[in-house]
file entry_27.pdb (PDB, C-alpha atoms)
ATOM      1  CA  THR A1233      32.953   3.147  16.305
ATOM      2  CA  VAL A1234      32.291  -0.445  17.484
ATOM      3  CA  LEU A1235      31.032  -1.457  14.046
ATOM      4  CA  PHE A1236      33.535   0.376  11.898
ATOM      5  CA  GLU A1237      36.677   0.684  14.021
ATOM      6  CA  ASN A1238      36.540  -2.313  16.381
ATOM      7  CA  LEU A1239      34.823  -4.838  14.079
ATOM      8  CA  LEU A1240      36.239  -3.214  10.911
ATOM      9  CA  LEU A1241      32.963  -3.465   8.971
ATOM     10  CA  PRO A1242      32.741  -1.453   5.703
ATOM     11  CA  ALA A1243      32.226   2.138   6.821
ATOM     12  CA  PRO A1244      30.070   4.816   5.234
ATOM     13  CA  LYS A1245      31.390   8.340   4.856
ATOM     14  CA  LYS A1246      31.874  10.121   8.163
ATOM     15  CA  THR A1247      29.503  12.961   8.946
ATOM     16  CA  LYS A1248      30.247  15.871  11.292
ATOM     17  CA  THR A1249      28.920  13.807  14.201
ATOM     18  CA  GLY A1250      30.632  10.553  13.209
ATOM     19  CA  TYR A1251      29.530   7.446  11.326
ATOM     20  CA  SER A1252      25.872   7.046  10.460
ATOM     21  CA  THR A1253      24.157   3.841  11.613
ATOM     22  CA  ASN A1254      20.735   4.537  10.138
ATOM     23  CA  ALA A1255      18.539   1.735   8.786
ATOM     24  CA  ALA A1256      19.912   1.973   5.237
ATOM     25  CA  VAL A1257      23.521   1.650   6.467
ATOM     26  CA  LEU A1258      22.683  -1.321   8.704
ATOM     27  CA  GLU A1259      20.640  -3.073   5.989
ATOM     28  CA  ALA A1260      23.681  -2.856   3.696
ATOM     29  CA  LEU A1261      25.798  -4.517   6.417
ATOM     30  CA  LYS A1262      23.452  -7.458   7.033
ATOM     31  CA  GLY A1263      25.259 -10.779   6.791
ATOM     32  CA  LYS A1264      28.680  -9.273   7.527
ATOM     33  CA  HIS A1265      28.445  -9.766  11.315
ATOM     34  CA  PRO A1266      25.739 -11.192  13.672
ATOM     35  CA  ILE A1267      25.657  -7.948  15.688
ATOM     36  CA  VAL A1268      24.093  -6.051  12.763
ATOM     37  CA  GLU A1269      20.972  -8.242  12.776
ATOM     38  CA  ARG A1270      20.743  -7.888  16.563
ATOM     39  CA  ILE A1271      20.908  -4.086  16.370
ATOM     40  CA  LEU A1272      18.160  -4.024  13.751
ATOM     41  CA  ASN A1273      15.969  -6.370  15.829
ATOM     42  CA  TYR A1274      16.560  -4.290  18.957
ATOM     43  CA  ARG A1275      15.572  -1.101  17.154
ATOM     44  CA  GLU A1276      12.439  -2.733  15.763
ATOM     45  CA  LEU A1277      11.423  -4.001  19.205
ATOM     46  CA  THR A1278      12.112  -0.608  20.798
ATOM     47  CA  LYS A1279      10.000   1.131  18.148
ATOM     48  CA  LEU A1280       7.143  -1.360  18.545
ATOM     49  CA  LYS A1281       7.183  -1.028  22.329
ATOM     50  CA  SER A1282       7.409   2.763  22.577
ATOM     51  CA  THR A1283       5.201   3.788  19.655
ATOM     52  CA  TYR A1284       2.611   1.040  19.600
ATOM     53  CA  ALA A1285       2.488  -1.116  22.732
ATOM     54  CA  ASP A1286       3.080   1.632  25.319
ATOM     55  CA  GLY A1287       1.405   4.322  23.237
ATOM     56  CA  LEU A1288      -1.811   2.399  22.596
ATOM     57  CA  VAL A1289      -2.173   1.195  26.192
ATOM     58  CA  LYS A1290      -2.331   4.836  27.304
ATOM     59  CA  VAL A1291      -5.414   5.547  25.162
ATOM     60  CA  ILE A1292      -7.562   2.519  25.992
ATOM     61  CA  GLY A1293     -10.962   3.774  27.163
ATOM     62  CA  ALA A1294     -12.868   2.659  30.245
ATOM     63  CA  ASP A1295     -14.866   0.245  28.051
ATOM     64  CA  GLY A1296     -11.686  -1.392  26.741
ATOM     65  CA  ARG A1297     -11.891   0.268  23.313
ATOM     66  CA  ILE A1298      -9.478   2.564  21.496
ATOM     67  CA  ARG A1299     -11.057   5.372  19.484
ATOM     68  CA  THR A1300      -9.281   7.194  16.682
ATOM     69  CA  ARG A1301     -10.237  10.349  14.768
ATOM     70  CA  PHE A1302     -10.532  10.223  10.976
ATOM     71  CA  GLN A1303      -9.648  13.284   8.913
ATOM     72  CA  MET A1304     -11.156  13.782   5.472
ATOM     73  CA  THR A1305      -9.110  16.708   4.156
ATOM     74  CA  VAL A1306      -5.537  16.232   5.360
ATOM     75  CA  THR A1307      -3.976  14.066   2.635
ATOM     76  CA  ALA A1308      -3.462  15.516  -0.840
ATOM     77  CA  THR A1309      -4.686  12.346  -2.578
ATOM     78  CA  GLY A1310      -7.952  12.220  -0.624
ATOM     79  CA  ARG A1311      -7.157   9.228   1.547
ATOM     80  CA  LEU A1312      -8.618   9.242   5.029
ATOM     81  CA  SER A1313      -6.010   9.786   7.717
ATOM     82  CA  SER A1314      -6.204   8.604  11.316
ATOM     83  CA  THR A1315      -4.949  10.433  14.391
ATOM     84  CA  ASP A1316      -5.038  10.392  18.226
ATOM     85  CA  PRO A1317      -4.009   7.557  17.881
ATOM     86  CA  ASN A1318      -3.167   6.599  14.314
ATOM     87  CA  LEU A1319      -4.712   3.167  13.786
ATOM     88  CA  GLN A1320      -3.803   3.057  10.083
ATOM     89  CA  ASN A1321      -0.097   2.472  10.665
ATOM     90  CA  ILE A1322      -0.185  -0.636  12.852
ATOM     91  CA  PRO A1323       2.590  -2.776  11.279
ATOM     92  CA  VAL A1324       1.480  -5.813   9.326
ATOM     93  CA  ARG A1325       4.293  -6.841   6.975
ATOM     94  CA  ARG A1326       6.785  -8.176   9.535
ATOM     95  CA  GLU A1327       5.990 -10.981  11.978
ATOM     96  CA  LEU A1328       6.815  -8.945  15.097
ATOM     97  CA  GLY A1329       4.735  -6.019  13.903
ATOM     98  CA  SER A1330       1.728  -8.061  12.877
ATOM     99  CA  ALA A1331       1.725  -9.628  16.360
ATOM    100  CA  LEU A1332       0.527  -6.221  17.612
ATOM    101  CA  ARG A1333      -2.778  -6.895  15.877
ATOM    102  CA  GLU A1334      -3.348  -9.667  18.394
ATOM    103  CA  MET A1335      -4.027  -6.848  20.890
ATOM    104  CA  PHE A1336      -7.237  -5.963  19.034
ATOM    105  CA  VAL A1337      -9.899  -8.466  20.102
ATOM    106  CA  ALA A1338     -13.621  -8.630  19.378
ATOM    107  CA  GLN A1339     -15.973  -8.491  22.378
ATOM    108  CA  ASP A1340     -17.322 -11.764  23.786
ATOM    109  CA  GLY A1341     -19.600 -13.549  21.336
ATOM    110  CA  TRP A1342     -18.446 -11.357  18.438
ATOM    111  CA  VAL A1343     -15.764 -11.636  15.731
ATOM    112  CA  LEU A1344     -13.812  -9.276  13.491
ATOM    113  CA  ILE A1345     -14.212  -9.446   9.717
ATOM    114  CA  ASP A1346     -11.370  -7.895   7.727
ATOM    115  CA  ALA A1347     -11.896  -7.271   4.010
ATOM    116  CA  ASP A1348      -9.473  -5.616   1.635
ATOM    117  CA  TYR A1349      -9.262  -4.879  -2.047
ATOM    118  CA  SER A1350      -6.923  -7.008  -4.118
ATOM    119  CA  GLN A1351      -4.455  -4.869  -6.111
ATOM    120  CA  ILE A1352      -6.932  -2.008  -6.427
ATOM    121  CA  GLU A1353      -4.360   0.517  -7.657
ATOM    122  CA  LEU A1354      -3.132  -1.748 -10.466
ATOM    123  CA  ARG A1355      -6.730  -2.494 -11.464
ATOM    124  CA  LEU A1356      -7.401   1.230 -11.576
ATOM    125  CA  LEU A1357      -4.247   1.741 -13.630
ATOM    126  CA  ALA A1358      -5.525  -0.811 -16.170
ATOM    127  CA  HIS A1359      -8.887   1.001 -16.308
ATOM    128  CA  ILE A1360      -7.662   4.611 -16.371
ATOM    129  CA  ALA A1361      -4.753   3.965 -18.760
ATOM    130  CA  ASP A1362      -7.061   1.830 -20.938
ATOM    131  CA  ASP A1363      -4.267  -0.741 -21.281
ATOM    132  CA  GLU A1364      -5.641  -3.797 -23.076
ATOM    133  CA  ASN A1365      -2.927  -6.271 -21.999
ATOM    134  CA  MET A1366      -3.252  -5.389 -18.321
ATOM    135  CA  ARG A1367      -7.032  -5.370 -18.538
ATOM    136  CA  GLN A1368      -7.118  -8.833 -20.141
ATOM    137  CA  ALA A1369      -4.802 -10.217 -17.453
ATOM    138  CA  PHE A1370      -7.245  -9.073 -14.775
ATOM    139  CA  LEU A1371     -10.286 -10.275 -16.731
ATOM    140  CA  ARG A1372      -8.690 -13.731 -17.032
ATOM    141  CA  GLY A1373      -8.022 -13.731 -13.287
ATOM    142  CA  GLU A1374      -4.275 -14.091 -13.811
ATOM    143  CA  ASP A1375      -1.564 -13.208 -11.310
ATOM    144  CA  ILE A1376      -0.577  -9.752 -12.630
ATOM    145  CA  HIS A1377       2.881  -9.882 -11.025
ATOM    146  CA  ALA A1378       3.629 -13.259 -12.631
ATOM    147  CA  VAL A1379       2.342 -11.989 -16.003
ATOM    148  CA  THR A1380       4.631  -8.941 -15.733
ATOM    149  CA  ALA A1381       7.562 -11.163 -14.704
ATOM    150  CA  SER A1382       6.986 -13.370 -17.744
ATOM    151  CA  GLN A1383       7.313 -10.308 -19.996
ATOM    152  CA  VAL A1384      10.169  -8.611 -18.165
ATOM    153  CA  PHE A1385      12.315 -11.754 -17.955
ATOM    154  CA  GLY A1386      11.232 -13.272 -21.256
ATOM    155  CA  VAL A1387      10.147 -16.646 -19.857
ATOM    156  CA  PRO A1388       6.884 -18.594 -20.115
ATOM    157  CA  LEU A1389       4.388 -17.917 -17.315
ATOM    158  CA  GLU A1390       4.887 -21.368 -15.799
ATOM    159  CA  GLU A1391       8.661 -20.779 -15.505
ATOM    160  CA  VAL A1392       8.405 -17.577 -13.451
ATOM    161  CA  THR A1393      10.332 -18.001 -10.181
ATOM    162  CA  PRO A1394       9.455 -16.370  -6.825
ATOM    163  CA  LEU A1395      12.423 -13.974  -7.246
ATOM    164  CA  MET A1396      11.245 -12.959 -10.720
ATOM    165  CA  ARG A1397       7.727 -12.366  -9.409
ATOM    166  CA  SER A1398       9.051 -10.322  -6.481
ATOM    167  CA  ARG A1399      11.054  -8.077  -8.802
ATOM    168  CA  ALA A1400       8.124  -7.717 -11.199
ATOM    169  CA  LYS A1401       5.914  -6.747  -8.262
ATOM    170  CA  ALA A1402       8.346  -3.934  -7.430
ATOM    171  CA  VAL A1403       8.171  -2.802 -11.057
ATOM    172  CA  ASN A1404       4.345  -2.919 -11.112
ATOM    173  CA  PHE A1405       3.917  -0.850  -7.965
ATOM    174  CA  GLY A1406       6.896   1.395  -8.688
ATOM    175  CA  ILE A1407       5.505   2.431 -12.076
ATOM    176  CA  VAL A1408       2.301   3.691 -10.395
ATOM    177  CA  TYR A1409       4.452   6.006  -8.259
ATOM    178  CA  GLY A1410       6.663   7.215 -11.110
ATOM    179  CA  ILE A1411       9.745   5.308  -9.983
ATOM    180  CA  SER A1412      13.075   5.951 -11.725
ATOM    181  CA  PRO A1413      15.492   3.213 -12.897
ATOM    182  CA  PHE A1414      17.897   4.363 -10.166
ATOM    183  CA  SER A1415      15.297   3.993  -7.393
ATOM    184  CA  LEU A1416      14.108   0.646  -8.745
ATOM    185  CA  SER A1417      17.674  -0.646  -8.890
ATOM    186  CA  HIS A1418      18.112   0.270  -5.232
ATOM    187  CA  ASP A1419      14.803  -1.336  -4.229
ATOM    188  CA  ILE A1420      15.454  -4.713  -5.838
ATOM    189  CA  GLY A1421      19.258  -4.861  -5.671
ATOM    190  CA  VAL A1422      20.192  -4.789  -9.362
ATOM    191  CA  SER A1423      22.212  -2.411 -11.546
ATOM    192  CA  VAL A1424      20.601   0.745 -12.926
ATOM    193  CA  ALA A1425      20.996  -0.652 -16.449
ATOM    194  CA  GLU A1426      19.193  -3.840 -15.450
ATOM    195  CA  ALA A1427      16.412  -1.879 -13.754
ATOM    196  CA  LYS A1428      16.010   0.258 -16.885
ATOM    197  CA  ALA A1429      15.782  -2.885 -19.001
ATOM    198  CA  TYR A1430      13.016  -4.188 -16.741
ATOM    199  CA  MET A1431      11.103  -0.932 -17.125
ATOM    200  CA  ASP A1432      11.589  -0.912 -20.919
ATOM    201  CA  SER A1433      10.182  -4.461 -21.096
ATOM    202  CA  TYR A1434       7.286  -3.408 -18.895
ATOM    203  CA  PHE A1435       6.388  -0.495 -21.173
ATOM    204  CA  LYS A1436       6.639  -2.752 -24.209
ATOM    205  CA  LYS A1437       4.071  -5.084 -22.626
ATOM    206  CA  TYR A1438       1.862  -2.321 -21.241
ATOM    207  CA  SER A1439       2.075   0.355 -23.933
ATOM    208  CA  GLY A1440      -1.210   1.888 -22.783
ATOM    209  CA  VAL A1441       0.319   2.609 -19.382
ATOM    210  CA  HIS A1442       3.327   4.222 -21.062
ATOM    211  CA  ALA A1443       1.078   6.464 -23.165
ATOM    212  CA  TYR A1444      -1.033   7.341 -20.105
ATOM    213  CA  MET A1445       2.040   8.395 -18.119
ATOM    214  CA  LYS A1446       3.108  10.828 -20.829
ATOM    215  CA  GLU A1447      -0.390  12.176 -21.466
ATOM    216  CA  ILE A1448      -1.408  12.717 -17.840
ATOM    217  CA  VAL A1449       1.701  14.761 -17.034
ATOM    218  CA  GLN A1450       1.208  16.913 -20.146
ATOM    219  CA  LYS A1451      -2.465  17.426 -19.287
ATOM    220  CA  ALA A1452      -1.612  18.309 -15.688
ATOM    221  CA  ARG A1453       0.914  20.904 -16.886
ATOM    222  CA  ARG A1454      -1.713  22.420 -19.161
ATOM    223  CA  ASP A1455      -4.603  22.368 -16.656
ATOM    224  CA  GLY A1456      -2.654  22.910 -13.424
ATOM    225  CA  TYR A1457      -4.417  19.982 -11.742
ATOM    226  CA  VAL A1458      -5.378  16.299 -12.044
ATOM    227  CA  VAL A1459      -8.738  14.679 -11.268
ATOM    228  CA  THR A1460      -9.890  11.324  -9.941
ATOM    229  CA  LEU A1461     -12.485   9.225 -11.774
ATOM    230  CA  PHE A1462     -15.092  10.798  -9.501
ATOM    231  CA  GLY A1463     -14.082  14.366 -10.409
ATOM    232  CA  ARG A1464     -12.100  15.365  -7.310
ATOM    233  CA  ARG A1465      -9.282  17.762  -8.233
ATOM    234  CA  ARG A1466      -5.760  18.037  -6.895
ATOM    235  CA  PRO A1467      -3.980  21.292  -7.860
ATOM    236  CA  LEU A1468      -0.346  20.770  -8.847
ATOM    237  CA  PRO A1469       1.471  24.133  -8.735
ATOM    238  CA  GLU A1470       4.723  22.150  -8.348
ATOM    239  CA  LEU A1471       4.664  21.463 -12.104
ATOM    240  CA  LYS A1472       5.462  25.131 -12.759
ATOM    241  CA  SER A1473       8.426  25.206 -10.363
ATOM    242  CA  THR A1474      11.903  26.037 -11.627
ATOM    243  CA  ASN A1475      13.316  23.641  -9.018
ATOM    244  CA  ASN A1476      13.920  20.231 -10.611
ATOM    245  CA  SER A1477      13.149  18.167  -7.509
ATOM    246  CA  VAL A1478       9.928  20.084  -6.822
ATOM    247  CA  ARG A1479       8.859  19.712 -10.460
ATOM    248  CA  SER A1480       9.689  15.987 -10.389
ATOM    249  CA  PHE A1481       7.498  15.619  -7.309
ATOM    250  CA  GLY A1482       4.667  17.304  -9.230
ATOM    251  CA  GLU A1483       5.099  14.875 -12.125
ATOM    252  CA  ARG A1484       4.974  11.857  -9.797
ATOM    253  CA  ALA A1485       1.868  13.303  -8.118
ATOM    254  CA  ALA A1486       0.249  13.785 -11.530
ATOM    255  CA  LEU A1487       0.864  10.102 -12.295
ATOM    256  CA  ASN A1488      -0.278   8.693  -8.988
ATOM    257  CA  THR A1489      -3.092  10.944  -7.761
ATOM    258  CA  PRO A1490      -5.696   9.795 -10.321
ATOM    259  CA  ILE A1491      -4.916   6.209  -9.235
ATOM    260  CA  GLN A1492      -4.526   6.528  -5.464
ATOM    261  CA  GLY A1493      -7.131   9.293  -5.282
ATOM    262  CA  THR A1494      -9.701   7.180  -7.124
ATOM    263  CA  ALA A1495      -8.922   4.247  -4.802
ATOM    264  CA  ALA A1496      -9.592   6.605  -1.871
ATOM    265  CA  ASP A1497     -12.916   7.643  -3.428
ATOM    266  CA  ILE A1498     -13.924   4.014  -3.976
ATOM    267  CA  ILE A1499     -13.207   2.873  -0.405
ATOM    268  CA  LYS A1500     -15.302   5.778   0.925
ATOM    269  CA  ILE A1501     -18.158   4.785  -1.372
ATOM    270  CA  ALA A1502     -17.758   1.205  -0.148
ATOM    271  CA  MET A1503     -17.951   2.389   3.475
ATOM    272  CA  VAL A1504     -21.261   4.145   2.797
ATOM    273  CA  ARG A1505     -22.622   1.100   0.956
ATOM    274  CA  VAL A1506     -21.630  -1.263   3.784
ATOM    275  CA  PHE A1507     -23.071   1.043   6.476
ATOM    276  CA  ARG A1508     -26.409   1.388   4.639
ATOM    277  CA  ARG A1509     -26.665  -2.330   3.857
ATOM    278  CA  LEU A1510     -25.969  -3.370   7.461
ATOM    279  CA  LYS A1511     -28.632  -0.924   8.617
ATOM    280  CA  ALA A1512     -31.160  -2.008   5.961
ATOM    281  CA  GLU A1513     -30.777  -5.672   6.882
ATOM    282  CA  GLY A1514     -31.079  -5.017  10.605
ATOM    283  CA  CYS A1515     -27.613  -6.357  11.398
ATOM    284  CA  ALA A1516     -26.030  -5.732  14.785
ATOM    285  CA  ALA A1517     -22.631  -5.705  13.015
ATOM    286  CA  ARG A1518     -20.916  -2.353  12.575
ATOM    287  CA  LEU A1519     -18.029  -0.914  10.629
ATOM    288  CA  ILE A1520     -15.280  -0.050  13.136
ATOM    289  CA  LEU A1521     -12.145   0.833  11.139
ATOM    290  CA  GLN A1522     -10.815   1.743   7.682
ATOM    291  CA  VAL A1523      -7.171   1.293   6.721
ATOM    292  CA  HIS A1524      -6.939   2.709   3.171
ATOM    293  CA  ASP A1525      -8.069  -0.292   1.063
ATOM    294  CA  GLU A1526      -9.202  -2.374   4.031
ATOM    295  CA  LEU A1527     -12.438  -2.356   6.047
ATOM    296  CA  ILE A1528     -12.887  -3.984   9.466
ATOM    297  CA  VAL A1529     -16.327  -4.891  10.780
ATOM    298  CA  GLU A1530     -17.220  -6.253  14.227
ATOM    299  CA  ALA A1531     -20.121  -8.709  14.084
ATOM    300  CA  PRO A1532     -21.925 -11.174  16.356
ATOM    301  CA  GLU A1533     -20.742 -14.732  15.684
ATOM    302  CA  SER A1534     -24.262 -15.586  14.471
ATOM    303  CA  GLU A1535     -24.024 -12.924  11.711
ATOM    304  CA  ALA A1536     -20.398 -13.564  10.691
ATOM    305  CA  GLY A1537     -20.944 -15.564   7.511
ATOM    306  CA  ALA A1538     -23.683 -13.310   6.145
ATOM    307  CA  VAL A1539     -21.826 -10.108   7.014
ATOM    308  CA  LYS A1540     -18.614 -11.399   5.412
ATOM    309  CA  ALA A1541     -20.494 -12.040   2.154
ATOM    310  CA  LEU A1542     -22.258  -8.647   2.403
ATOM    311  CA  LEU A1543     -18.949  -6.846   2.963
ATOM    312  CA  VAL A1544     -17.312  -8.406  -0.102
ATOM    313  CA  GLU A1545     -20.385  -7.796  -2.270
ATOM    314  CA  GLU A1546     -20.714  -4.112  -1.402
ATOM    315  CA  MET A1547     -16.981  -3.447  -1.806
ATOM    316  CA  GLU A1548     -16.926  -5.092  -5.225
ATOM    317  CA  LYS A1549     -19.961  -3.072  -6.375
ATOM    318  CA  ALA A1550     -18.518   0.294  -5.275
ATOM    319  CA  ALA A1551     -17.421   1.253  -8.818
ATOM    320  CA  ASP A1552     -18.136   0.080 -12.341
ATOM    321  CA  LEU A1553     -14.794  -0.437 -14.094
ATOM    322  CA  THR A1554     -13.575  -2.255 -17.193
ATOM    323  CA  VAL A1555     -11.787  -4.686 -14.847
ATOM    324  CA  PRO A1556     -13.381  -6.394 -11.848
ATOM    325  CA  LEU A1557     -12.904  -5.002  -8.359
ATOM    326  CA  VAL A1558     -11.977  -7.932  -6.124
ATOM    327  CA  ALA A1559     -12.265  -7.956  -2.337
ATOM    328  CA  GLU A1560     -11.188 -10.735   0.006
ATOM    329  CA  ALA A1561     -12.458 -11.141   3.573
ATOM    330  CA  HIS A1562     -11.452 -13.234   6.583
ATOM    331  CA  ILE A1563     -13.001 -13.812   9.999
ATOM    332  CA  GLY A1564     -11.131 -14.028  13.298
ATOM    333  CA  LYS A1565     -11.408 -13.340  16.999
ATOM    334  CA  THR A1566      -8.451 -10.933  16.768
ATOM    335  CA  TRP A1567      -7.446  -8.471  14.067
ATOM    336  CA  ALA A1568      -4.356 -10.586  13.355
ATOM    337  CA  ALA A1569      -6.473 -13.730  12.918
ATOM    338  CA  ALA A1570      -8.877 -11.906  10.573
ATOM    339  CA  LYS A1571      -6.150 -10.352   8.413
TER
END
call {"tool": "encode", "arguments": {"input": "entry_27.pdb", "output": "structure tokens"}}
result
Amino acid sequence: TVLFENLLLPAPKKTKTGYSTNAAVLEALKGKHPIVERILNYRELTKLKSTYADGLVKVIGADGRIRTRFQMTVTATGRLSSTDPNLQNIPVRRELGSALREMFVAQDGWVLIDADYSQIELRLLAHIADDENMRQAFLRGEDIHAVTASQVFGVPLEEVTPLMRSRAKAVNFGIVYGISPFSLSHDIGVSVAEAKAYMDSYFKKYSGVHAYMKEIVQKARRDGYVVTLFGRRRPLPELKSTNNSVRSFGERAALNTPIQGTAADIIKIAMVRVFRRLKAEGCAARLILQVHDELIVEAPESEAGAVKALLVEEMEKAADLTVPLVAEAHIGKTWAAAK
């Protein structure tokens, strides 16, 4: 009532329990009154404190380490999941959240080396969809989001603005997940017609991706499943549902599972390669964490440079694709510094 009756801010529809003040409602009100930003910041801080700061402190072992459990068969796409506690959902995008990674510190005389794949899902899309334009962009080492922006907005590459690139990035990643023009319009703050125009331009540029999207859904309907590049199946009974939303979920899963599932296969292969190489070379360094497309190794300071190079090399050799796999690594005393 303070927001909508006292301050007279634009109100959403009333529910049975009153006005909703969920994140989506508050995000829409940003800029209309200073209190909105303060509420959002307070909620973020409360979440960080209760879920992460307080929660993680409770599970620190006697030796100062936190140990998680990895599960191989919980996610439908084949990604590893982490539990008790979940160390794969430590925030990184926002400044306050990424500060939590300062809590994770290498032991004395050691450092953390954090390596992650660069745009692995888009690279896999180029390979699996056999899209020549996307493949050539990666082979030339171009910024794929800027290349997409150039096409979508009809401007030369050198005239792409940060806003154009940001919107093109949303298109690139949204396509992999079967995004609709309506959802894209909501994500980037444009009209549905404008979002549809962006997607039409995208498919004109990347016609191989467009053909792949149609073919993979048809094949999944026929077979009842999709497979990753390494042959792992995901059954999709949802495609036979008479419920539109359930069937739509199945179609999105058919599009994304070969991409995300193959990425999950590749990072597991990379983990095995890194483990074996460290052992073969007699390194004291050890792999301590995986966060989807990211590997974290703890190494003595004396081994840091060699282990960083080893980590990148083994990750980039994990699969033989028509586009290069690219990994980037950084060294730091804390997880935040190494990210």
call {"tool": "atom_distance", "arguments": {"input": "entry_27.pdb", "atom1": "atom CA of A:Ala1378", "atom2": "atom CA of A:Arg1397"}}
result
5.3 Å
call {"tool": "resolve_selection", "arguments": {"input": "entry_27.pdb", "expression": "the PyMOL selection byres ((chain A and resi 1308) around 9)", "output": "PyMOL selection string"}}
result
chain A and resi 1305-1307+1309-1311+1466+1489+1493
call {"tool": "resolve_selection", "arguments": {"input": "entry_27.pdb", "expression": "the PyMOL selection byres ((chain A and resi 1433) around 10)", "output": "PyMOL selection string"}}
result
chain A and resi 1380-1381+1383-1386+1427-1432+1434-1439
call {"tool": "resolve_selection", "arguments": {"input": "entry_27.pdb", "expression": "the PyMOL selection byres ((chain A and resi 1440-1452) around 8)", "output": "PyMOL selection string"}}
result
chain A and resi 1357-1358+1361-1364+1435+1438-1439+1453-1458+1468+1471+1483+1486-1487
call {"tool": "residues_around", "arguments": {"input": "entry_27.pdb", "residues": "A:Lys1262", "least_positions_apart": "3", "cutoff": "12 Å", "atoms": "only C-alpha atoms", "output": "MDAnalysis selection string"}}
result
chainID A and resid 1235 1241:1242 1255:1259 1265:1273
call {"tool": "atom_distance", "arguments": {"input": "entry_27.pdb", "atom1": "atom CA of A:Lys1571", "atom2": "atom CA of A:Gln1368"}}
result
28.6 Å
call {"tool": "residues_around", "arguments": {"input": "entry_27.pdb", "residues": "stretch 1317-1327 of chain A", "least_positions_apart": "4", "cutoff": "7 Å", "atoms": "only C-alpha atoms", "output": "ChimeraX atom specification"}}
result
/A:1300,1331,1523
call {"tool": "residues_around", "arguments": {"input": "entry_27.pdb", "residues": "A:Phe1405", "least_positions_apart": "3", "cutoff": "10 Å", "atoms": "all atoms listed in the file", "output": "ChimeraX atom specification"}}
result
/A:1351,1353-1354,1377,1400-1402,1408-1411
call {"tool": "atom_distance", "arguments": {"input": "entry_27.pdb", "atom1": "atom CA of A:Ser1382", "atom2": "atom CA of A:Glu1426"}}
result
15.7 Å
call {"tool": "residues_around", "arguments": {"input": "entry_27.pdb", "residues": "stretch 1504-1508 of chain A", "least_positions_apart": "2", "cutoff": "7 Å", "atoms": "only C-alpha atoms", "output": "ChimeraX atom specification"}}
result
/A:1500-1502,1510-1512,1519,1543,1546
